[in-house]
Amino acid sequence: MADPNPPHDMAVIEHCRDAYARITAEVAKVIVGQRAVVDDVLMALFCDAHVLLVGVPGLAKTLLVSTLAKVLSLDFKRVQFTPDLLPGDITGTEVIEENRSTGRREFRFVKGPVFTNLLLADEINRTPPKTQAALLQAMQEREVSAGLNTMPLERPFLVMATQNPIEQEGTYPLPEAQQDRFMFNTFVDYPDSRELIAIVEATTGAAAPEVSPVMGKDEILRVQQVVRRVPVARPVVEYLCRLTEASRPKDPAAPPFIKDYVTWGCGPRAAQYLTLGAKARAVLQGNPHASIEDVRAVALSVLRHRIGLNFNAHADAIDTVKIAQMLLETVPTHV
């Protein structure tokens, strides 16, 4: 019987576990708290996926992403999404230039900010759907088309898009089908009292903390390959599939609260991302296989933006996080 974890993969997993401790230590020099957000971003990166960050302004989302880029030796760019932003402002555009050697005019493609490793799409819901779609196409296809040419994006490639949950005037909310392309919907919360004191003391002095690189692009690509090879036992797969299916109001196994509050539930992509998220978490912890505990740890971030609520849920102040929590409490881990 073939070894599910070859020696090379085990070495990469052990290296990743050690690197994870160093990464979080380096990030902690600049970012106070937000450990769950850092974990989600790292897991998405190692799954070759993307993250939607939801939080009010001023919670250091940009600083977090730029700090991670330094620690991981990755290129970083930030785009502030505005109502007048055009698709070409993200992907790039063709310009006409005169060729000095021939005197003829020729098209030249000027690359946009999407040609990077870590892209922060700040307030993605402030730009019209056409511009949103241009970014989401690049996320899905990992390439940009201009005229007759198609240019691949550099790997690794991770998009972190932010949304402001409290200011809705003048916004174009992401359609549910487009939200589904993000592996995680991660809530960036306010710091607690202890963390707030540490933030004030760390950011109002003269010294600016410096971080050191921990991993590089080639290492990240190797980890992405190993994550795909991490084995998941059939009972774990069956559990996460039950979890996904139970979110659908028309499924016979759906609990009563799903039928009462949910219009539509999670599709197959939720089960895929629960599996990949569990694998990535296992690798970060140094484990050679994914467990049910790994699935449960990533479930809220995977499920919360893949559940549609009806009027009854809004009337009873039930949100998608509460629904996901109720699913975790209701769906049995073993049958």
# chains A, B, ... in the order shown; residues from 1 in each chain; ligands from 1

$ residues_around --residues "Leu300 in chain A" --least-positions-apart "2" --cutoff "8 Å" --atoms "only C-alpha atoms" --output "mmCIF file with C-alpha atoms, in the first residue's frame"
data_model
loop_
_atom_site.group_PDB
_atom_site.id
_atom_site.type_symbol
_atom_site.label_atom_id
_atom_site.label_comp_id
_atom_site.auth_asym_id
_atom_site.auth_seq_id
_atom_site.Cartn_x
_atom_site.Cartn_y
_atom_site.Cartn_z
ATOM 1 C CA ARG A 296 -15.096 22.480 12.090
ATOM 2 C CA ALA A 297 -12.348 25.074 12.578
ATOM 3 C CA VAL A 298 -12.749 26.472 9.046
ATOM 4 C CA VAL A 302 -16.396 28.813 4.450
ATOM 5 C CA LEU A 303 -20.163 28.648 5.015
ATOM 6 C CA ARG A 304 -21.240 32.125 6.134
ATOM 7 C CA VAL A 321 -22.976 33.036 11.206
ATOM 8 C CA ALA A 324 -23.559 28.037 10.476
ATOM 9 C CA GLN A 325 -23.045 27.698 14.234
#

$ select_by_dssp --residues "range 136-318 of chain A" --states "strand (DSSP E)" --output "JSON, numbers by chain"
{"A": [143, 144, 145, 146, 149, 150, 151, 152, 158, 159, 160, 161, 162, 163, 184, 185, 186, 187, 262, 263, 264, 308, 309]}

$ atom_distance --atom1 "CA of Thr67 in chain A" --atom2 "CA of Asp89 in chain A"
24.3 Å

$ closest_residue --among "A:Val159, A:Val230, A:Ala19, A:Ala246" --to "Leu118 in chain A" --atoms "only C-alpha atoms"
A:Val159

$ atom_distance --atom1 "CA of Asp189 in chain A" --atom2 "CA of Arg35 in chain A"
11.0 Å

$ select_by_dssp --residues "range 129-218 of chain A" --states "alpha helix (DSSP H)" --output "number ranges by chain"
A: 129-141, 176-179, 193-203, 217-218

$ atom_distance --atom1 "CA of Cys266 in chain A" --atom2 "CA of Val295 in chain A"
15.1 Å

$ closest_residue --among "A:Val65, A:Val12, A:Leu153, A:Val71" --to "Val38 in chain A" --atoms "only C-alpha atoms"
A:Val65

$ residues_around --residues "range 90-92 of chain A" --least-positions-apart "6" --cutoff "12 Å" --atoms "only C-alpha atoms" --output "PyMOL selection string"
chain A and resi 77-82+108-116+119-121+124+127+130-139+142-147+150-153

$ write_last_selection --atoms "N, CA and C atoms" --output "short mmCIF file (atom, residue, chain, number, x, y, z; two decimals), in the first residue's frame"
data_model
loop_
_atom_site.label_atom_id
_atom_site.label_comp_id
_atom_site.auth_asym_id
_atom_site.auth_seq_id
_atom_site.Cartn_x
_atom_site.Cartn_y
_atom_site.Cartn_z
N LYS A 77 0.30 44.70 -3.94
CA LYS A 77 -0.28 45.91 -4.50
C LYS A 77 -1.68 46.10 -3.92
N ARG A 78 -2.09 47.35 -3.83
CA ARG A 78 -3.40 47.68 -3.27
C ARG A 78 -4.15 48.55 -4.27
N VAL A 79 -5.44 48.23 -4.46
CA VAL A 79 -6.31 49.01 -5.34
C VAL A 79 -7.49 49.50 -4.51
N GLN A 80 -7.69 50.81 -4.50
CA GLN A 80 -8.86 51.39 -3.84
C GLN A 80 -10.00 51.41 -4.84
N PHE A 81 -11.01 50.60 -4.60
CA PHE A 81 -12.13 50.51 -5.54
C PHE A 81 -13.07 51.70 -5.36
N THR A 82 -13.37 52.36 -6.47
CA THR A 82 -14.23 53.54 -6.48
C THR A 82 -15.26 53.38 -7.60
N ARG A 108 1.02 48.44 -27.21
CA ARG A 108 1.82 47.87 -26.11
C ARG A 108 0.92 47.73 -24.88
N PHE A 109 0.96 46.57 -24.27
CA PHE A 109 0.13 46.31 -23.09
C PHE A 109 0.84 46.79 -21.83
N VAL A 110 0.16 47.65 -21.08
CA VAL A 110 0.69 48.14 -19.80
C VAL A 110 -0.02 47.35 -18.69
N LYS A 111 0.75 46.56 -17.97
CA LYS A 111 0.17 45.70 -16.95
C LYS A 111 -0.46 46.50 -15.81
N GLY A 112 -1.61 46.01 -15.33
CA GLY A 112 -2.29 46.63 -14.22
C GLY A 112 -1.83 46.03 -12.89
N PRO A 113 -2.39 46.51 -11.79
CA PRO A 113 -1.96 46.04 -10.46
C PRO A 113 -2.28 44.59 -10.18
N VAL A 114 -3.14 43.95 -11.02
CA VAL A 114 -3.45 42.54 -10.79
C VAL A 114 -2.23 41.66 -11.02
N PHE A 115 -1.23 42.18 -11.70
CA PHE A 115 0.00 41.41 -11.93
C PHE A 115 0.90 41.54 -10.71
N THR A 116 0.56 40.80 -9.68
CA THR A 116 1.30 40.80 -8.42
C THR A 116 1.06 39.46 -7.75
N LEU A 119 -2.83 40.84 -3.83
CA LEU A 119 -3.57 42.03 -4.26
C LEU A 119 -4.67 42.32 -3.24
N LEU A 120 -4.64 43.52 -2.69
CA LEU A 120 -5.70 43.96 -1.79
C LEU A 120 -6.69 44.79 -2.57
N ALA A 121 -7.90 44.26 -2.74
CA ALA A 121 -8.98 44.97 -3.42
C ALA A 121 -9.82 45.65 -2.35
N ILE A 124 -14.27 46.45 -2.36
CA ILE A 124 -14.63 45.92 -3.68
C ILE A 124 -16.08 46.23 -4.04
N THR A 127 -17.34 49.51 -6.46
CA THR A 127 -17.15 49.66 -7.91
C THR A 127 -18.25 48.89 -8.64
N LYS A 130 -19.25 45.51 -13.63
CA LYS A 130 -18.35 45.23 -14.74
C LYS A 130 -16.89 45.19 -14.27
N THR A 131 -16.53 46.12 -13.39
CA THR A 131 -15.17 46.15 -12.88
C THR A 131 -14.93 45.01 -11.90
N GLN A 132 -15.94 44.73 -11.07
CA GLN A 132 -15.83 43.57 -10.17
C GLN A 132 -15.58 42.30 -10.97
N ALA A 133 -16.31 42.15 -12.08
CA ALA A 133 -16.21 40.94 -12.89
C ALA A 133 -14.82 40.78 -13.49
N ALA A 134 -14.17 41.89 -13.85
CA ALA A 134 -12.82 41.81 -14.42
C ALA A 134 -11.85 41.22 -13.42
N LEU A 135 -11.97 41.63 -12.15
CA LEU A 135 -11.09 41.08 -11.12
C LEU A 135 -11.43 39.63 -10.85
N LEU A 136 -12.71 39.32 -10.77
CA LEU A 136 -13.11 37.95 -10.45
C LEU A 136 -12.72 36.97 -11.56
N GLN A 137 -12.72 37.44 -12.81
CA GLN A 137 -12.26 36.59 -13.90
C GLN A 137 -10.77 36.28 -13.76
N ALA A 138 -9.99 37.30 -13.40
CA ALA A 138 -8.56 37.07 -13.18
C ALA A 138 -8.34 36.11 -12.02
N MET A 139 -9.16 36.22 -10.97
CA MET A 139 -9.06 35.30 -9.84
C MET A 139 -9.33 33.87 -10.26
N ARG A 142 -6.78 32.93 -13.51
CA ARG A 142 -5.35 33.19 -13.27
C ARG A 142 -4.65 33.70 -14.53
N GLU A 143 -5.39 34.49 -15.33
CA GLU A 143 -4.82 35.06 -16.54
C GLU A 143 -5.61 36.30 -16.93
N VAL A 144 -5.01 37.11 -17.78
CA VAL A 144 -5.63 38.35 -18.26
C VAL A 144 -5.55 38.36 -19.78
N SER A 145 -6.68 38.67 -20.43
CA SER A 145 -6.72 38.74 -21.89
C SER A 145 -6.73 40.19 -22.33
N ALA A 146 -5.92 40.50 -23.34
CA ALA A 146 -5.87 41.84 -23.92
C ALA A 146 -5.74 41.68 -25.43
N GLY A 147 -6.80 42.05 -26.14
CA GLY A 147 -6.78 41.85 -27.58
C GLY A 147 -6.72 40.37 -27.89
N THR A 150 -3.17 36.52 -24.34
CA THR A 150 -3.55 36.09 -23.00
C THR A 150 -2.29 35.93 -22.17
N MET A 151 -2.25 36.64 -21.05
CA MET A 151 -1.05 36.64 -20.21
C MET A 151 -1.35 35.99 -18.88
N PRO A 152 -0.57 34.98 -18.48
CA PRO A 152 -0.79 34.34 -17.18
C PRO A 152 -0.34 35.24 -16.04
N LEU A 153 -1.00 35.12 -14.91
CA LEU A 153 -0.60 35.85 -13.72
C LEU A 153 0.49 35.07 -12.99
#

$ closest_residue --among "A:Arg229, A:Arg306, A:Lys70, A:Lys259" --to "Val211 in chain A" --atoms "only C-alpha atoms"
A:Lys70

$ residues_around --residues "Leu196 in chain A" --least-positions-apart "3" --cutoff "12 Å" --atoms "only C-alpha atoms" --output "PyMOL selection string"
chain A and resi 31-34+59+189-193+199-203

$ closest_residue --among "A:Phe46, A:Phe311, A:Tyr273, A:Tyr239" --to "Val335 in chain A" --atoms "only C-alpha atoms"
A:Tyr239
